[in-house]
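A.B. asks: What follows is a single structure, and I will ask about it in a moment.
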Amino acid sequence: MFDAEVRFVATRSSLTQKLVEELWLYAHALCRNGQIADDYSVSRQARRVRLLCILPERGSLEGMFHDKRSRALLRSIGKLITRPPTKSITGEAADTPPSCSCRRRSCLHLFTHMFDDSSPLACGNCSQPVPLYRLHRLDVRSREALLGWQSDYQACDRLFISSGFGEMWAYRQMSRLDSGLTMDGRELCAAVEAKVRVPVFYYLHKYWGRSNEMECKRLCPSCGKSWLLSEPIGIFDFKCDACRLLSSKAVDFPSNAN
Ligand SMILES: [Zn+2]
Ligand SMILES: [Zn+2]
């Protein structure tokens, strides 16, 4: 991903506040469309206003990726500024993955974690995130629902990692087939699959286990069949094609306590 800066200059000082307000709306629309990460800021100095953001790709802000709402907001911003905005990439965002550039994808994975700034849909071929605006068949509602699920998942992951009062509740949400978070996520996977027309898999988290041996014998929690992969795919050790589920082996066993 890339750090970027977009600069605007208001035609009059009295319009600067209006420009700031419109820019927040514009940034929100870009975020909803997957064109910028949900980590942006707007700053001002006299008539100059800057949007600092993180882009999945160098060209994420190109007009062709805008949706109706971001185009309309950009038009109203155009009436408040002296000249077209200037965009610059200021560097590669540290510790962020590159975006998928595959021409064809055999499947997608719905997957995120608390430090993830990228798209919640990853490519099944290269395992890299797929910017939501690249999935042309997804409508605005689906994009919003995906980002809403991502935010809920990250809230659970945060509770789990902080190991406080919500640890077990959050772990169940992320690891159980019948949790609200999982049911929402799988419903989304099915809806995305119907639109994008490639299989969309859901990841079930696994942290605690009895032993590595027992983990290898673990069966798909939905159909009860064997789902251990002969070769792991990235972090995934289990995959059930019929149930569209993925999981990984537990990493914490009672013997680790010694
Ligand atoms: Zn890919
Ligand atoms: Zn299954």
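Residues are referred to by chain and number: the chain letter is A, B, ... according to the order shown in the structure tokens, the number counts from 1 in that chain, and ligands are numbered separately from 1 in the order shown.
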Would you pick out the contacts of stretch 143-149 of chain A at 10 Å or less, using only C-alpha atoms, so that residues sharing its chain but fewer than 2 positions from it are not included, and give the list as a PyMOL selection string?
C.D. replies: chain A and resi 31-34+38+110+112+119-121+132-133+135+138-141+151-155+181-182+184-185+188-189+192
A.B. asks: Convert the current residue selection to file output with N, CA and C atoms, as a CSV table (one decimal), in the first residue's frame.
C.D. replies:
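The result, written out as again07.csv:
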chain,number,residue,atom,x,y,z
A,31,CYS,N,-13.2,5.7,1.0
A,31,CYS,CA,-13.0,4.6,1.9
A,31,CYS,C,-14.0,3.5,1.7
A,32,ARG,N,-15.3,3.9,1.6
A,32,ARG,CA,-16.3,2.9,1.4
A,32,ARG,C,-16.2,2.1,0.1
A,33,ASN,N,-15.5,2.8,-0.9
A,33,ASN,CA,-15.3,2.2,-2.2
A,33,ASN,C,-14.0,1.4,-2.2
A,34,GLY,N,-13.3,1.4,-1.1
A,34,GLY,CA,-12.0,0.6,-1.1
A,34,GLY,C,-10.8,1.4,-1.7
A,38,ASP,N,-9.1,2.8,5.8
A,38,ASP,CA,-9.9,3.5,6.9
A,38,ASP,C,-8.9,4.1,7.9
A,110,LEU,N,-12.5,-14.4,2.7
A,110,LEU,CA,-12.9,-13.2,3.6
A,110,LEU,C,-12.0,-13.4,4.9
A,112,THR,N,-9.4,-11.1,7.9
A,112,THR,CA,-8.8,-9.8,8.4
A,112,THR,C,-8.2,-10.1,9.7
A,119,SER,N,-8.1,-4.5,2.1
A,119,SER,CA,-9.4,-5.1,1.8
A,119,SER,C,-9.6,-6.4,2.6
A,120,PRO,N,-10.8,-6.7,3.1
A,120,PRO,CA,-11.1,-7.9,3.8
A,120,PRO,C,-11.2,-9.1,2.8
A,121,LEU,N,-11.2,-8.9,1.5
A,121,LEU,CA,-11.2,-10.0,0.6
A,121,LEU,C,-9.8,-10.2,0.0
A,132,LEU,N,-11.5,-3.4,-3.1
A,132,LEU,CA,-12.9,-3.6,-3.4
A,132,LEU,C,-13.4,-3.0,-4.7
A,133,TYR,N,-12.8,-1.9,-5.1
A,133,TYR,CA,-13.2,-1.3,-6.4
A,133,TYR,C,-12.8,-2.1,-7.6
A,135,LEU,N,-13.4,-5.2,-7.8
A,135,LEU,CA,-14.5,-6.2,-8.0
A,135,LEU,C,-15.7,-5.5,-8.5
A,138,LEU,N,-19.5,-5.9,-7.4
A,138,LEU,CA,-19.9,-5.6,-6.1
A,138,LEU,C,-20.6,-4.3,-6.0
A,139,ASP,N,-21.8,-4.2,-5.5
A,139,ASP,CA,-22.4,-2.9,-5.4
A,139,ASP,C,-22.0,-2.2,-4.1
A,140,VAL,N,-22.5,-0.9,-3.9
A,140,VAL,CA,-22.1,-0.1,-2.7
A,140,VAL,C,-22.5,-0.8,-1.4
A,141,ARG,N,-23.7,-1.4,-1.4
A,141,ARG,CA,-24.2,-2.0,-0.2
A,141,ARG,C,-23.3,-3.2,0.2
A,151,SER,N,-14.8,-4.4,10.4
A,151,SER,CA,-14.7,-3.6,11.6
A,151,SER,C,-15.1,-4.4,12.9
A,152,ASP,N,-16.2,-5.2,12.7
A,152,ASP,CA,-16.7,-6.0,13.8
A,152,ASP,C,-15.6,-7.1,14.2
A,153,TYR,N,-15.1,-7.7,13.1
A,153,TYR,CA,-14.1,-8.8,13.4
A,153,TYR,C,-12.8,-8.2,14.1
A,154,GLN,N,-12.4,-7.0,13.6
A,154,GLN,CA,-11.2,-6.4,14.3
A,154,GLN,C,-11.5,-6.0,15.7
A,155,ALA,N,-12.8,-5.6,16.0
A,155,ALA,CA,-13.1,-5.3,17.4
A,155,ALA,C,-13.0,-6.6,18.2
A,181,LEU,N,-20.8,-13.3,14.5
A,181,LEU,CA,-19.8,-12.8,13.6
A,181,LEU,C,-19.6,-13.8,12.4
A,182,THR,N,-19.5,-15.1,12.7
A,182,THR,CA,-19.3,-16.1,11.7
A,182,THR,C,-20.6,-16.2,10.7
A,184,ASP,N,-22.7,-13.8,10.1
A,184,ASP,CA,-22.7,-12.6,9.3
A,184,ASP,C,-21.7,-12.8,8.1
A,185,GLY,N,-20.5,-13.2,8.5
A,185,GLY,CA,-19.4,-13.3,7.5
A,185,GLY,C,-19.8,-14.4,6.4
A,188,LEU,N,-22.3,-13.0,4.1
A,188,LEU,CA,-21.6,-12.1,3.1
A,188,LEU,C,-20.8,-12.8,2.0
A,189,CYS,N,-20.1,-13.9,2.5
A,189,CYS,CA,-19.4,-14.7,1.5
A,189,CYS,C,-20.3,-15.2,0.4
A,192,VAL,N,-21.4,-12.3,-1.9
A,192,VAL,CA,-20.3,-11.9,-2.7
A,192,VAL,C,-20.1,-13.0,-3.8
A.B. asks: Out of stretch 65-239 of chain A, which residues get helix (DSSP H, G or I) from DSSP, as a ChimeraX atom specification?
C.D. replies: /A:65,68-78,132-134,140-161,167-175,180-196,212-216
A.B. asks: Would you give me, as a list in words, the residues in stretch 39-145 of chain A that DSSP reads as strand (DSSP E)?
C.D. replies: Ser41, Val42, Ser43, Arg44, Gln45, Arg48, Val49, Arg50, Leu51, Leu52, Cys53, Ile54, Leu55, Thr86, Lys87, Ser88, Ile89, Thr90, Gly91, Glu92, Leu108, His109, Leu110, Leu121, Ala122 and Cys123 of chain A
A.B. asks: Excluding same-chain residues fewer than 6 positions from A:Gly234, what lies within 10 Å of it counting only C-alpha atoms, as a PyMOL selection string?
C.D. replies: chain A and resi 124+126-127+248
A.B. asks: Using C-alpha atoms, can you write the selected residues to a file as a PDB file, in the first residue's frame?
C.D. replies:
ATOM      1  CA  GLY A 124      -7.143 -17.323  -3.430  1.00  0.00           C
ATOM      2  CA  CYS A 126      -1.707 -14.993  -4.529  1.00  0.00           C
ATOM      3  CA  SER A 127      -3.219 -14.515  -1.003  1.00  0.00           C
ATOM      4  CA  SER A 248      -5.490 -22.996  10.701  1.00  0.00           C
TER       5      SER A 248
END
A.B. asks: Select the residues contacting ligand 2 at a distance of at most 12 Å, based on only C-alpha atoms and all ligand atoms, then format the selection as a list in words.
C.D. replies: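 The residues within 12 Å of ligand 2, counting only C-alpha atoms and all ligand atoms, are Leu177, Phe201, Tyr202, Arg218, Leu219, Cys220, Pro221, Ser222, Cys223, Gly224, Lys225, Ser226, Trp227, Leu228, Phe238, Lys239, Cys240, Asp241, Ala242, Cys243, Arg244, Leu245, Leu246 and Ser247 of chain A.
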A.B. asks: Just N, CA and C atoms for this one: save the residues we selected as a PDB file, in the first residue's frame.
C.D. replies:
ATOM      1  N   LEU A 177     -18.598 -21.841  14.539  1.00  0.00           N
ATOM      2  CA  LEU A 177     -19.399 -21.803  13.313  1.00  0.00           C
ATOM      3  C   LEU A 177     -20.734 -21.087  13.544  1.00  0.00           C
ATOM      4  N   PHE A 201     -14.473 -18.056   0.451  1.00  0.00           N
ATOM      5  CA  PHE A 201     -14.271 -18.860   1.662  1.00  0.00           C
ATOM      6  C   PHE A 201     -14.232 -17.991   2.910  1.00  0.00           C
ATOM      7  N   TYR A 202     -14.693 -18.591   4.010  1.00  0.00           N
ATOM      8  CA  TYR A 202     -14.677 -17.895   5.299  1.00  0.00           C
ATOM      9  C   TYR A 202     -13.660 -18.560   6.225  1.00  0.00           C
ATOM     10  N   ARG A 218      -8.690 -32.856  13.315  1.00  0.00           N
ATOM     11  CA  ARG A 218      -9.868 -31.992  13.381  1.00  0.00           C
ATOM     12  C   ARG A 218     -10.659 -32.087  12.069  1.00  0.00           C
ATOM     13  N   LEU A 219     -11.994 -32.152  12.185  1.00  0.00           N
ATOM     14  CA  LEU A 219     -12.855 -32.267  11.002  1.00  0.00           C
ATOM     15  C   LEU A 219     -13.577 -30.952  10.743  1.00  0.00           C
ATOM     16  N   CYS A 220     -14.078 -30.801   9.548  1.00  0.00           N
ATOM     17  CA  CYS A 220     -14.837 -29.587   9.205  1.00  0.00           C
ATOM     18  C   CYS A 220     -16.013 -29.452  10.179  1.00  0.00           C
ATOM     19  N   PRO A 221     -16.145 -28.313  10.847  1.00  0.00           N
ATOM     20  CA  PRO A 221     -17.217 -28.177  11.847  1.00  0.00           C
ATOM     21  C   PRO A 221     -18.611 -28.100  11.227  1.00  0.00           C
ATOM     22  N   SER A 222     -18.666 -27.945   9.909  1.00  0.00           N
ATOM     23  CA  SER A 222     -19.981 -27.845   9.274  1.00  0.00           C
ATOM     24  C   SER A 222     -20.467 -29.203   8.750  1.00  0.00           C
ATOM     25  N   CYS A 223     -19.631 -29.898   7.951  1.00  0.00           N
ATOM     26  CA  CYS A 223     -20.088 -31.165   7.354  1.00  0.00           C
ATOM     27  C   CYS A 223     -19.497 -32.392   8.060  1.00  0.00           C
ATOM     28  N   GLY A 224     -18.515 -32.186   8.955  1.00  0.00           N
ATOM     29  CA  GLY A 224     -17.924 -33.297   9.696  1.00  0.00           C
ATOM     30  C   GLY A 224     -16.951 -34.140   8.894  1.00  0.00           C
ATOM     31  N   LYS A 225     -16.576 -33.671   7.702  1.00  0.00           N
ATOM     32  CA  LYS A 225     -15.628 -34.451   6.891  1.00  0.00           C
ATOM     33  C   LYS A 225     -14.201 -33.950   7.086  1.00  0.00           C
ATOM     34  N   SER A 226     -13.258 -34.758   6.588  1.00  0.00           N
ATOM     35  CA  SER A 226     -11.842 -34.389   6.714  1.00  0.00           C
ATOM     36  C   SER A 226     -11.549 -33.161   5.849  1.00  0.00           C
ATOM     37  N   TRP A 227     -10.797 -32.216   6.377  1.00  0.00           N
ATOM     38  CA  TRP A 227     -10.524 -30.993   5.612  1.00  0.00           C
ATOM     39  C   TRP A 227      -9.067 -30.544   5.724  1.00  0.00           C
ATOM     40  N   LEU A 228      -8.197 -31.419   6.300  1.00  0.00           N
ATOM     41  CA  LEU A 228      -6.774 -31.073   6.435  1.00  0.00           C
ATOM     42  C   LEU A 228      -6.126 -31.044   5.042  1.00  0.00           C
ATOM     43  N   PHE A 238      -6.480 -25.949   6.883  1.00  0.00           N
ATOM     44  CA  PHE A 238      -7.719 -26.682   6.614  1.00  0.00           C
ATOM     45  C   PHE A 238      -8.548 -25.933   5.578  1.00  0.00           C
ATOM     46  N   LYS A 239      -9.208 -26.722   4.719  1.00  0.00           N
ATOM     47  CA  LYS A 239     -10.078 -26.104   3.719  1.00  0.00           C
ATOM     48  C   LYS A 239     -11.193 -27.087   3.374  1.00  0.00           C
ATOM     49  N   CYS A 240     -12.430 -26.626   3.466  1.00  0.00           N
ATOM     50  CA  CYS A 240     -13.541 -27.473   3.017  1.00  0.00           C
ATOM     51  C   CYS A 240     -14.205 -26.774   1.830  1.00  0.00           C
ATOM     52  N   ASP A 241     -14.060 -27.382   0.658  1.00  0.00           N
ATOM     53  CA  ASP A 241     -14.608 -26.769  -0.558  1.00  0.00           C
ATOM     54  C   ASP A 241     -16.133 -26.715  -0.510  1.00  0.00           C
ATOM     55  N   ALA A 242     -16.729 -27.798   0.018  1.00  0.00           N
ATOM     56  CA  ALA A 242     -18.191 -27.844   0.022  1.00  0.00           C
ATOM     57  C   ALA A 242     -18.783 -26.779   0.936  1.00  0.00           C
ATOM     58  N   CYS A 243     -18.165 -26.568   2.105  1.00  0.00           N
ATOM     59  CA  CYS A 243     -18.720 -25.620   3.088  1.00  0.00           C
ATOM     60  C   CYS A 243     -18.091 -24.236   2.978  1.00  0.00           C
ATOM     61  N   ARG A 244     -17.119 -24.092   2.075  1.00  0.00           N
ATOM     62  CA  ARG A 244     -16.451 -22.784   1.869  1.00  0.00           C
ATOM     63  C   ARG A 244     -15.819 -22.279   3.169  1.00  0.00           C
ATOM     64  N   LEU A 245     -15.130 -23.212   3.865  1.00  0.00           N
ATOM     65  CA  LEU A 245     -14.502 -22.832   5.133  1.00  0.00           C
ATOM     66  C   LEU A 245     -12.995 -23.064   5.099  1.00  0.00           C
ATOM     67  N   LEU A 246     -12.275 -22.217   5.822  1.00  0.00           N
ATOM     68  CA  LEU A 246     -10.827 -22.338   5.993  1.00  0.00           C
ATOM     69  C   LEU A 246     -10.519 -22.251   7.476  1.00  0.00           C
ATOM     70  N   SER A 247      -9.401 -22.831   7.880  1.00  0.00           N
ATOM     71  CA  SER A 247      -8.967 -22.647   9.264  1.00  0.00           C
ATOM     72  C   SER A 247      -7.472 -22.950   9.340  1.00  0.00           C
TER      73      SER A 247
END
A.B. asks: If you count only C-alpha atoms and all ligand atoms, which residues end up within 10 Å of ligand 1, as number ranges by chain?
C.D. replies: A: 98-108, 122-130
A.B. asks: Which polymer residues have any atom within 10 Å of an atom of A:Ala170, counting only C-alpha atoms, with same-chain residues fewer than 3 positions away left out, as a list in words?
C.D. replies: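 My list of contacting residues is Tyr153, Gln154, Ala155, Cys156, Asp157, Arg158, Leu159, Phe160, Ile161, Ser163, Phe165, Gly166, Glu167, Gln173, Met174, Ser175, Ser179 and Leu181 of chain A.
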A.B. asks: Quick one: residues within 10 Å of A:Phe65, only C-alpha atoms counted, chain neighbours fewer than 2 positions away excluded, as a PyMOL selection string?
C.D. replies: chain A and resi 30+33-35+59-63+67-68+70-71+132-134+136
A.B. asks: Which of these residues is nearest to A:Met1, using only C-alpha atoms: A:Ala190, A:Ile54, A:Met183, A:Val20?
C.D. replies: A:Ile54
A.B. asks: Given the choices A:Arg75, A:Ala29, A:Glu215, A:Ala93, which gets closest to A:Ala4 if the distance is worked out from only C-alpha atoms?
C.D. replies: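 Once distances to A:Ala4 are computed over only C-alpha atoms, the minimum belongs to A:Ala93.
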